[in-house]
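Dropping data_26.txt in here (compact mmCIF, C-alpha atoms):
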# COMPACT_ATOMS: atom_id res chain seq x y z
CA MET A 18 81.75 103.67 101.61
CA SER A 19 83.49 100.29 101.88
CA SER A 20 87.16 99.72 101.19
CA LYS A 21 89.33 96.71 100.49
CA ASN A 22 93.06 96.12 100.10
CA ILE A 23 94.28 93.63 97.50
CA VAL A 24 97.88 92.52 97.02
CA LEU A 25 98.39 91.15 93.52
CA LYS A 26 101.03 88.51 92.97
CA THR A 27 102.74 89.97 89.90
CA VAL A 28 105.34 87.96 88.04
CA VAL A 29 107.76 89.88 85.83
CA PHE A 30 109.36 87.89 83.01
CA PHE A 31 112.65 89.41 81.88
CA GLY A 32 113.12 88.74 78.17
CA SER A 33 116.89 89.10 77.79
CA ALA A 34 119.73 86.73 78.65
CA LYS A 35 122.40 88.89 77.02
CA ASN A 36 125.44 89.24 79.24
CA VAL A 37 128.26 90.72 77.18
CA ILE A 38 129.46 94.25 76.50
CA PRO A 39 129.56 94.84 72.73
CA PRO A 40 132.76 96.08 71.03
CA TRP A 41 131.29 99.58 70.75
CA GLY A 42 130.65 99.75 74.48
CA GLY A 43 127.54 100.16 76.56
CA ASP A 44 125.69 97.96 79.04
CA ALA A 45 126.16 94.20 79.17
CA ARG A 46 122.37 94.02 79.42
CA LEU A 47 120.47 97.20 78.67
CA GLY A 48 117.26 95.79 80.06
CA ASP A 49 118.59 95.76 83.63
CA ARG A 50 117.81 99.48 83.73
CA VAL A 51 114.27 98.89 82.54
CA VAL A 52 113.54 95.98 84.87
CA LYS A 53 114.81 97.96 87.87
CA TRP A 54 112.51 100.85 86.89
CA VAL A 55 109.53 98.52 86.42
CA GLU A 56 110.19 96.74 89.72
CA SER A 57 110.51 100.03 91.61
CA THR A 58 107.29 101.31 90.03
CA LEU A 59 105.39 98.16 91.01
CA LYS A 60 106.67 98.04 94.57
CA SER A 61 105.88 101.70 95.26
CA ARG A 62 102.50 101.68 93.53
CA GLN A 63 99.28 102.19 95.49
CA ALA A 64 96.45 102.25 92.95
CA THR A 65 92.72 102.44 93.51
CA LEU A 66 89.80 100.86 91.70
CA GLY A 67 86.12 101.47 92.25
CA ASP A 68 83.58 104.23 92.66
CA ALA A 69 82.20 106.36 95.47
CA LYS A 70 80.61 103.30 97.15
CA THR A 71 83.47 100.81 96.96
CA THR A 72 87.19 101.45 96.80
CA VAL A 73 89.79 98.78 96.21
CA THR A 74 93.43 99.63 96.92
CA ILE A 75 95.92 97.67 94.87
CA SER A 76 99.55 96.89 95.65
CA HIS A 77 101.95 94.35 94.18
CA ASP A 78 103.97 91.42 95.51
CA VAL A 79 106.64 91.25 92.79
CA SER A 80 108.63 88.24 91.56
CA ILE A 81 111.29 88.73 88.86
CA ILE A 82 112.06 85.72 86.67
CA ASP A 83 115.43 86.30 85.00
CA PRO A 84 116.64 83.91 82.27
CA LEU A 85 120.28 84.49 83.26
CA GLN A 86 119.48 82.93 86.62
CA VAL A 87 116.91 80.38 85.50
CA PHE A 88 119.09 78.93 82.71
CA GLY A 89 122.36 79.51 84.55
CA LYS A 90 124.33 77.14 86.78
CA ASP A 91 121.98 75.35 89.21
CA GLY A 92 119.06 77.35 87.82
CA ALA A 93 115.49 76.08 87.79
CA LEU A 94 115.69 75.31 84.06
CA SER A 95 119.24 74.01 83.84
CA GLY A 96 120.61 70.48 83.73
CA PHE A 97 117.60 68.48 82.55
CA THR A 98 116.80 71.21 80.02
CA GLY A 99 118.17 74.59 78.93
CA GLY A 100 117.58 77.70 76.89
CA GLU A 101 117.11 75.55 73.79
CA LEU A 102 114.03 73.99 75.46
CA ARG A 103 115.09 70.35 75.39
CA ALA A 104 112.45 69.33 77.92
CA PRO A 105 109.26 71.34 78.48
CA THR A 106 108.16 70.79 82.08
CA PHE A 107 104.75 69.51 81.02
CA PHE A 108 106.43 66.68 79.08
CA LEU A 109 107.81 65.31 82.36
CA LYS A 110 106.21 63.70 85.39
CA PRO A 111 106.05 66.07 88.39
CA ASP A 112 108.24 63.73 90.47
CA ASP A 113 110.96 63.95 87.82
CA LEU A 114 111.29 67.73 88.12
CA PRO A 115 113.95 69.30 90.38
CA GLN A 116 112.60 71.14 93.41
CA ALA A 117 113.80 74.50 92.03
CA THR A 118 111.74 73.86 88.90
CA LYS A 119 108.67 72.99 90.95
CA ASP A 120 109.13 76.19 92.96
CA LEU A 121 109.31 78.27 89.78
CA GLN A 122 106.30 76.45 88.40
CA GLU A 123 104.33 77.30 91.54
CA THR A 124 105.38 80.98 91.36
CA ILE A 125 103.95 81.16 87.85
CA ARG A 126 100.81 79.21 88.81
CA ALA A 127 100.11 81.40 91.85
CA ALA A 128 100.45 84.69 89.96
CA ASP A 129 97.50 87.04 89.52
CA ALA A 130 99.13 88.90 86.64
CA TYR A 131 102.19 88.81 84.40
CA LEU A 132 104.35 91.65 83.17
CA ILE A 133 106.80 90.94 80.36
CA VAL A 134 109.83 93.23 80.00
CA SER A 135 111.65 92.49 76.78
CA PRO A 136 113.93 93.79 74.05
CA GLU A 137 113.41 93.12 70.37
CA TYR A 138 115.60 90.53 68.61
CA ASN A 139 115.41 90.55 64.81
CA HIS A 140 112.04 92.32 64.97
CA SER A 141 110.60 89.52 67.09
CA ILE A 142 110.64 87.71 70.45
CA PRO A 143 114.04 87.07 72.07
CA PRO A 144 114.77 83.33 72.26
CA ALA A 145 115.36 83.51 76.02
CA LEU A 146 111.82 84.81 76.57
CA SER A 147 110.02 82.32 74.33
CA SER A 148 111.99 79.46 75.89
CA LEU A 149 111.45 80.67 79.46
CA MET A 150 107.70 81.06 79.15
CA GLY A 151 107.33 78.10 76.79
CA HIS A 152 108.84 75.70 79.30
CA PHE A 153 105.52 75.85 81.14
CA GLY A 154 102.07 74.84 79.90
CA GLY A 155 99.10 77.12 79.38
CA SER A 156 97.30 75.69 82.41
CA LEU A 157 99.59 77.79 84.61
CA TYR A 158 98.92 81.04 82.75
CA LYS A 159 95.29 80.80 81.72
CA CYS A 160 92.52 83.10 82.89
CA LYS A 161 94.98 85.80 83.96
CA PRO A 162 96.07 89.06 82.32
CA SER A 163 99.46 90.13 81.03
CA GLY A 164 101.11 93.42 80.16
CA ILE A 165 104.00 94.07 77.81
CA VAL A 166 106.90 96.50 78.27
CA THR A 167 109.51 96.61 75.51
CA TYR A 168 112.68 98.65 75.12
CA SER A 169 115.51 99.35 72.70
CA PRO A 170 118.71 101.37 72.38
CA GLY A 171 117.21 103.03 69.30
CA PRO A 172 114.08 105.06 68.58
CA TRP A 173 111.39 102.35 68.24
CA GLY A 174 111.21 101.02 71.78
CA GLY A 175 111.01 97.36 70.76
CA GLN A 176 107.41 97.65 69.65
CA ARG A 177 107.73 95.12 66.83
CA ALA A 178 108.56 92.50 69.43
CA ALA A 179 105.50 93.55 71.41
CA MET A 180 103.26 92.49 68.52
CA ALA A 181 104.76 88.99 68.52
CA ILE A 182 104.69 88.73 72.34
CA GLN A 183 100.97 89.52 72.28
CA ILE A 184 100.34 86.48 70.08
CA MET A 185 102.41 84.25 72.37
CA CYS A 186 100.51 85.45 75.44
CA HIS A 187 97.17 84.81 73.75
CA GLU A 188 98.24 81.22 73.04
CA LEU A 189 99.41 80.70 76.63
CA GLY A 190 96.10 82.04 77.93
CA CYS A 191 97.39 85.14 79.77
CA LEU A 192 95.50 87.71 77.76
CA PRO A 193 97.45 90.93 77.12
CA VAL A 194 95.88 94.27 77.96
CA SER A 195 95.61 96.75 75.12
CA LYS A 196 97.98 99.38 76.51
CA LEU A 197 101.63 98.87 75.60
CA CYS A 198 104.73 100.50 77.05
CA GLY A 199 107.73 101.05 74.79
CA ILE A 200 110.93 102.70 76.01
CA PRO A 201 113.32 103.92 73.29
CA THR A 202 116.92 105.16 73.70
CA VAL A 203 117.06 103.65 77.18
CA THR A 204 120.38 105.13 78.28
CA GLU A 205 119.08 108.64 77.61
CA LEU A 206 116.02 108.06 79.80
CA LEU A 207 117.10 105.69 82.61
CA ASN A 208 120.15 105.61 84.84
CA SER A 209 121.91 102.31 85.51
CA ASP A 210 120.01 101.91 88.81
CA GLY A 211 116.66 102.29 87.05
CA THR A 212 115.96 105.82 88.21
CA LEU A 213 114.84 108.43 85.70
CA VAL A 214 117.42 110.71 84.14
CA ASP A 215 114.83 113.49 84.32
CA ASP A 216 111.40 112.56 85.69
CA ASN A 217 109.83 115.71 84.25
CA ALA A 218 111.35 115.46 80.82
CA ASP A 219 109.44 112.83 78.94
CA ARG A 220 105.85 111.80 78.36
CA MET A 221 107.17 108.23 78.12
CA TRP A 222 106.63 107.88 81.87
CA LYS A 223 102.83 108.00 81.46
CA GLN A 224 102.83 104.69 79.59
CA LEU A 225 103.53 102.26 82.43
CA PRO A 226 100.97 103.64 84.92
CA GLU A 227 98.30 103.50 82.21
CA LEU A 228 99.26 99.91 81.39
CA LEU A 229 99.20 98.95 85.08
CA THR A 230 95.74 100.45 85.55
CA GLN A 231 94.42 98.11 82.85
CA LEU A 232 96.40 95.16 84.20
CA GLU A 233 95.15 95.67 87.76
CA TRP A 234 91.51 95.98 86.69
CA MET A 235 91.76 92.78 84.67
CA ALA A 236 93.67 90.95 87.40
CA VAL A 237 91.02 91.70 90.01
CA ALA A 238 88.15 90.87 87.66
CA MET A 239 89.72 87.59 86.52
CA ALA A 240 90.63 86.60 90.10
CA ASN A 241 87.03 87.16 91.13
CA GLN A 242 85.80 85.00 88.27
CA ARG A 243 88.31 82.23 89.02
CA SER A 244 87.15 82.27 92.62
CA ALA A 245 83.49 82.13 91.61
CA THR A 246 83.57 79.51 88.85
CA GLY A 247 87.10 78.13 88.56
CA THR A 248 88.82 78.02 85.18
CA PHE A 249 87.93 76.28 81.94

Will you turn the file into structure tokens for me?
Amino acid sequence: MSSKNIVLKTVVFFGSAKNVIPPWGGDARLGDRVVKWVESTLKSRQATLGDAKTTVTISHDVSIIDPLQVFGKDGALSGFTGGELRAPTFFLKPDDLPQATKDLQETIRAADAYLIVSPEYNHSIPPALSSLMGHFGGSLYKCKPSGIVTYSPGPWGGQRAAMAIQIMCHELGCLPVSKLCGIPTVTELLNSDGTLVDDNADRMWKQLPELLTQLEWMAVAMANQRSATGTF
């Protein structure tokens, strides 16, 4: 039996730029709990693909792209542009882009897979997420897979946003896997540091591993094809 270790470059797009505690209390940004849980899951994951003859062990090199940082002071998408998407990067000459923007562009280009962690705003995509991903052209995303994790303070887990995010990912060329992960009532399930309130209590925790299994299979398959034939 042969074996192989593969480290996937996995970029996590955080879909929320909210940074204010509402009058009724709670977290300034509920999604921090979810992103910490997702990041911990990715970094500790050792998955296997293959059969009795060939085994591939998968791990993840994780990059988190946070709109609060990217659009904030001295961020990669501040100054010449902003959250309102004044200047998509592909509308500008490469030499006109700040170095921080070029570095972010290269992180996205070099990724093997994308994971989007997002709330639901008005039953759709948060503006921070569509602006963040839309600043970059489809040539960076194409021929790679994506996975979608949504969350909410209420019972629906942000799944209406997931439907819209799927369409956006199709257009960008990072094809979403079929398995979705939706986390409802976040504060009842995740502590502020992203650990589980009760890791035996909820079948919700089966969702992300199942999504990642699909994402990893597609990432390896698409990387092999890019290596063999390039992209279209």

When distances are computed from all atoms listed in the file, which of A:Ser135, A:Gln116, A:Ser156, A:Ser76 shows the smallest separation from Leu47 of chain A? A:Ser135

Segment 189-198 of chain A surroundings by only C-alpha atoms, 6 Å radius, close-in-sequence under 3 positions cut, as a list in words: Gly155, Tyr158, Lys159, Lys161, Pro162, Ser163, Gly164, Ile165, Val166, Cys186, Gln224, Leu225 and Leu228 of chain A

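One finds atom CA of Pro105 of chain A at 28.9 Å from atom CA of Gln242 of chain A.
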
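Proximity of A:Lys90, A:Lys26, A:His77, A:His152 to Ala130 of chain A, computed with only C-alpha atoms, is greatest for A:Lys26.
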
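Restricting the calculation to all atoms listed in the file, the smallest distance between Thr204 of chain A and any of A:Glu227, A:Ala240, A:Gly43, A:Ser95 is found for A:Gly43.
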
Which residues are close to segment 207-217 of chain A, i.e. within 6 Å by all atoms listed in the file, leaving aside same-chain residues fewer than 3 positions away? Reply as a VMD selection string. chain A and resid 50 53 to 54 203 to 204

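In this model, the gap between atom CA of Thr246 of chain A and atom CA of Ile23 of chain A comes to 19.7 Å.
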
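Separating atom CA of Thr74 of chain A from atom CA of Glu233 of chain A is a distance of 10.1 Å.
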
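Taking all atoms listed in the file into account, Ser20 of chain A lies nearest to A:Val73 out of the set A:Val73, A:Ala236, A:Ala64, A:Met221.
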
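In terms of minimum interatomic distance to Val29 of chain A, A:Ala128 ranks closest within A:Ala128, A:Ile184, A:Ala117, A:Leu109, counting all atoms listed in the file.
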
Between A:Glu188, A:Asp219, A:Asp113, A:Glu56, which one has atoms that come closest to Phe30 of chain A, using all atoms listed in the file? A:Glu56

Show me as a VMD selection string the residues that reach within 9 Å of (118.7, 71.0, 85.7), counting only C-alpha atoms and using the file's own coordinates. chain A and resid 88 90 to 99 114 to 115 117 to 118

Find the residues around Phe31 of chain A up to 10 Å (all atoms listed in the file counted), leave out those fewer than 5 positions away in its own chain, and share them as a VMD selection string. chain A and resid 48 to 49 51 to 52 81 to 85 132 to 136 145 to 146 149 166

Would you mind exporting C-alpha atoms of the selected residues as a PDB file, keeping the file's coordinate frame?
ATOM      1  CA  GLY A  48     117.260  95.790  80.060  1.00  0.00           C
ATOM      2  CA  ASP A  49     118.590  95.760  83.630  1.00  0.00           C
ATOM      3  CA  VAL A  51     114.270  98.890  82.540  1.00  0.00           C
ATOM      4  CA  VAL A  52     113.540  95.980  84.870  1.00  0.00           C
ATOM      5  CA  ILE A  81     111.290  88.730  88.860  1.00  0.00           C
ATOM      6  CA  ILE A  82     112.060  85.720  86.670  1.00  0.00           C
ATOM      7  CA  ASP A  83     115.430  86.300  85.000  1.00  0.00           C
ATOM      8  CA  PRO A  84     116.640  83.910  82.270  1.00  0.00           C
ATOM      9  CA  LEU A  85     120.280  84.490  83.260  1.00  0.00           C
ATOM     10  CA  LEU A 132     104.350  91.650  83.170  1.00  0.00           C
ATOM     11  CA  ILE A 133     106.800  90.940  80.360  1.00  0.00           C
ATOM     12  CA  VAL A 134     109.830  93.230  80.000  1.00  0.00           C
ATOM     13  CA  SER A 135     111.650  92.490  76.780  1.00  0.00           C
ATOM     14  CA  PRO A 136     113.930  93.790  74.050  1.00  0.00           C
ATOM     15  CA  ALA A 145     115.360  83.510  76.020  1.00  0.00           C
ATOM     16  CA  LEU A 146     111.820  84.810  76.570  1.00  0.00           C
ATOM     17  CA  LEU A 149     111.450  80.670  79.460  1.00  0.00           C
ATOM     18  CA  VAL A 166     106.900  96.500  78.270  1.00  0.00           C
TER      19      VAL A 166
END

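When the distance limit is 9 Å and only C-alpha atoms are what count, the residues near Ala127 of chain A, minus those fewer than 4 positions from it on the same chain, are Lys26, Gln122, Glu123 and Leu157 of chain A.
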